[in-house]
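K.L.:
Just passing along the structure, written as C-alpha cells.
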Amino acid sequence: MNEENCLPSEPQRLFLVFHLSSQLAALPLGAVESIAPMAHLARPPGMPSALEGILNLAGAAVPVWRLERLLQLPEQRPGLYSALIIMNGIASCRSALLVDRVSQVLSLPESALLPIGAEASFNACAEAEISHNGKIIHVLSPNRVLLEQEREAMAGFRAMAEQRLQDWELTTQ
C-alpha cells in the first residue's frame with residue numbers, strides 16, 4: 001500500500017459562490033440558511049440606501065441588503081436570476097443579501113484560500129481569495145459585511161417591520 005494513500009486528506013471547506021456586479025464572491029456555506037428567488041419587498045420610508053427592503057419570510061421580518069451598494073460596486077438591476085441569500089451571520093440576526101445570481105457550492109481545502117490583509121477591503125469584509133478555473137473569487141466574512149452603525153440601524157428597522165407585521169395580523173383576524 002502506498003504511504004501517500006494512508007495520509008489523512010486536508011479538511012475541506014464549503015463556500016457558496018455567487019455573482020455580484022460582474023465579480024465572483026463567496027460566503028462560508030455554514031453562514032447560509034437558505035437561498036430564495038427575488039420576492040416582493042416592503043419598503044418603509046427612511047430606509048438606508050443599502051437596504052433594499054424587508055422580506056416577510058413566514059411572518060418574520062428579514063432585512064434585505066444590496067451587497068453591491070455596501071461594497072460600492074456598480075449597481076445591477078435585479079433580474080430573472082437574482083437571488084436572496086438568507087443568513088444568520090449578519091449582526092446576529094436573520095438577514096438576506098440580494099445578489100445577481102448564485103452559481104455553485106465549492107468544496108476546497110484550507111490551503112486553497114489566499115489570505116487578504118485587513119487593509120485590502122472595506123471593513124476587512126473580504127477575508128481571502130480563491131483562484132478557481134482561472135477566476136478570482138473573493139471570500140466575504142458575514143460578520144464584517146456591515147459596519148456597527150449599519151447593524152444598529154438594521155435592528156431598528158427590523159423591530160419596526162416586525163411590529164407592522166404583527167399589527168397587520170391583528171387587523172386581518
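Just so we're on the same page: first chain in the C-alpha cells is A, next is B, and so on; residues restart at 1 for each chain, and ligands are numbered from 1 in the order they show up.
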Can you list, as a ChimeraX atom specification, every residue of region 9-173 of chain A that DSSP puts in strand (DSSP E)?

P.N.:
/A:12-20,23-28,32-37,51-57,60-66,83-90,93-99,101-109,113-115,126-132,135-140

K.L.:
Go ahead and write the selection's residues with C-alpha atoms as an mmCIF file, in the first residue's frame.

P.N.:
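Writing the result to again.cif gives the following:
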```cif
data_model
loop_
_atom_site.group_PDB
_atom_site.id
_atom_site.type_symbol
_atom_site.label_atom_id
_atom_site.label_comp_id
_atom_site.auth_asym_id
_atom_site.auth_seq_id
_atom_site.Cartn_x
_atom_site.Cartn_y
_atom_site.Cartn_z
ATOM 1 C CA GLN A 12 -12.412 20.749 3.097
ATOM 2 C CA ARG A 13 -14.389 23.965 3.500
ATOM 3 C CA LEU A 14 -17.653 24.656 1.679
ATOM 4 C CA PHE A 15 -18.413 28.008 0.044
ATOM 5 C CA LEU A 16 -21.485 29.372 -1.722
ATOM 6 C CA VAL A 17 -20.264 31.204 -4.842
ATOM 7 C CA PHE A 18 -22.352 33.998 -6.359
ATOM 8 C CA HIS A 19 -22.136 36.741 -8.964
ATOM 9 C CA LEU A 20 -22.177 40.364 -7.907
ATOM 10 C CA GLN A 23 -17.467 39.781 -9.970
ATOM 11 C CA LEU A 24 -17.420 36.480 -8.132
ATOM 12 C CA ALA A 25 -17.751 36.330 -4.376
ATOM 13 C CA ALA A 26 -18.331 33.574 -1.847
ATOM 14 C CA LEU A 27 -19.625 33.065 1.661
ATOM 15 C CA PRO A 28 -18.880 30.183 4.006
ATOM 16 C CA VAL A 32 -26.098 30.454 4.715
ATOM 17 C CA GLU A 33 -29.543 29.395 5.924
ATOM 18 C CA SER A 34 -31.209 29.189 2.519
ATOM 19 C CA ILE A 35 -31.458 30.710 -0.942
ATOM 20 C CA ALA A 36 -34.694 32.234 -2.195
ATOM 21 C CA PRO A 37 -35.715 33.789 -5.508
ATOM 22 C CA LEU A 51 -31.230 48.324 2.454
ATOM 23 C CA GLU A 52 -33.361 47.129 -0.474
ATOM 24 C CA GLY A 53 -36.379 46.334 1.689
ATOM 25 C CA ILE A 54 -37.933 43.965 4.184
ATOM 26 C CA LEU A 55 -38.881 40.402 3.235
ATOM 27 C CA ASN A 56 -41.836 38.775 5.006
ATOM 28 C CA LEU A 57 -40.469 35.262 5.433
ATOM 29 C CA ALA A 60 -40.582 37.102 10.219
ATOM 30 C CA ALA A 61 -39.183 40.437 9.032
ATOM 31 C CA VAL A 62 -35.912 39.827 7.189
ATOM 32 C CA PRO A 63 -33.898 42.886 6.088
ATOM 33 C CA VAL A 64 -32.582 42.548 2.516
ATOM 34 C CA TRP A 65 -29.274 44.287 1.813
ATOM 35 C CA ARG A 66 -27.929 45.344 -1.601
ATOM 36 C CA ALA A 83 -31.373 35.608 -5.558
ATOM 37 C CA LEU A 84 -31.709 36.315 -1.859
ATOM 38 C CA ILE A 85 -29.084 34.605 0.273
ATOM 39 C CA ILE A 86 -30.699 34.265 3.690
ATOM 40 C CA MET A 87 -28.185 34.184 6.506
ATOM 41 C CA ASN A 88 -27.986 34.191 10.277
ATOM 42 C CA GLY A 89 -24.460 35.588 10.467
ATOM 43 C CA ILE A 90 -25.097 39.283 9.819
ATOM 44 C CA CYS A 93 -29.940 38.037 13.291
ATOM 45 C CA ARG A 94 -31.510 36.699 10.134
ATOM 46 C CA SER A 95 -30.782 38.917 7.118
ATOM 47 C CA ALA A 96 -30.656 38.485 3.363
ATOM 48 C CA LEU A 97 -28.223 39.636 0.707
ATOM 49 C CA LEU A 98 -29.518 40.434 -2.781
ATOM 50 C CA VAL A 99 -27.079 39.078 -5.387
ATOM 51 C CA ARG A 101 -27.221 35.057 -9.137
ATOM 52 C CA VAL A 102 -25.913 32.069 -7.201
ATOM 53 C CA SER A 103 -23.651 29.806 -9.220
ATOM 54 C CA GLN A 104 -22.287 26.897 -7.170
ATOM 55 C CA VAL A 105 -21.089 25.362 -3.944
ATOM 56 C CA LEU A 106 -17.334 24.811 -3.852
ATOM 57 C CA SER A 107 -15.539 22.357 -1.611
ATOM 58 C CA LEU A 108 -11.931 23.436 -1.199
ATOM 59 C CA PRO A 109 -9.038 22.647 1.102
ATOM 60 C CA LEU A 113 -7.589 30.171 0.461
ATOM 61 C CA LEU A 114 -5.202 33.051 -0.163
ATOM 62 C CA PRO A 115 -5.403 35.410 2.855
ATOM 63 C CA ALA A 126 -13.049 40.137 2.340
ATOM 64 C CA GLU A 127 -11.001 37.654 4.303
ATOM 65 C CA ALA A 128 -9.486 35.600 1.482
ATOM 66 C CA GLU A 129 -9.373 34.987 -2.238
ATOM 67 C CA ILE A 130 -9.755 31.751 -4.141
ATOM 68 C CA SER A 131 -8.340 31.154 -7.580
ATOM 69 C CA HIS A 132 -10.719 28.722 -9.293
ATOM 70 C CA LYS A 135 -11.070 33.319 -11.934
ATOM 71 C CA ILE A 136 -10.627 35.097 -8.613
ATOM 72 C CA ILE A 137 -13.385 34.640 -6.019
ATOM 73 C CA HIS A 138 -13.480 36.962 -3.006
ATOM 74 C CA VAL A 139 -14.451 35.180 0.220
ATOM 75 C CA LEU A 140 -16.553 37.501 2.390
#
```

K.L.:
Among region 32-135 of chain A, which residues does DSSP mark as alpha helix (DSSP H) when it is run on the backbone? Keep the chain and numbering as in the structure and answer as a list in words.

P.N.:
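The alpha helix (DSSP H) subset of region 32-135 of chain A is Leu67, Glu68, Arg69 and Leu70 of chain A.
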
K.L.:
Go through A:Leu29, A:Pro74, A:Arg69, A:Trp168 and flag the residue nearest Pro48 (chain A), using only C-alpha atoms for the distances.

P.N.:
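Nearest to Pro48 (chain A): A:Arg69.
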
K.L.:
Nearest to His40 (chain A) among A:Thr171, A:Pro78, A:Glu110, A:Pro142, with distances taken over only C-alpha atoms: which residue is it?

P.N.:
A:Pro78

K.L.:
To one decimal in Å, tell me the separation between CA of Gly79 (chain A) and CA of Leu67 (chain A).

P.N.:
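Computed distance, CA of Gly79 (chain A) to CA of Leu67 (chain A), equals 15.0 Å.
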
K.L.:
Please indicate the distance in Å from CA of Leu71 (chain A) to CA of Ala112 (chain A), rounded to one decimal place.

P.N.:
23.9 Å

K.L.:
Mind pulling up the distance from CA of Arg164 (chain A) to CA of Ala42 (chain A)?

P.N.:
10.5 Å
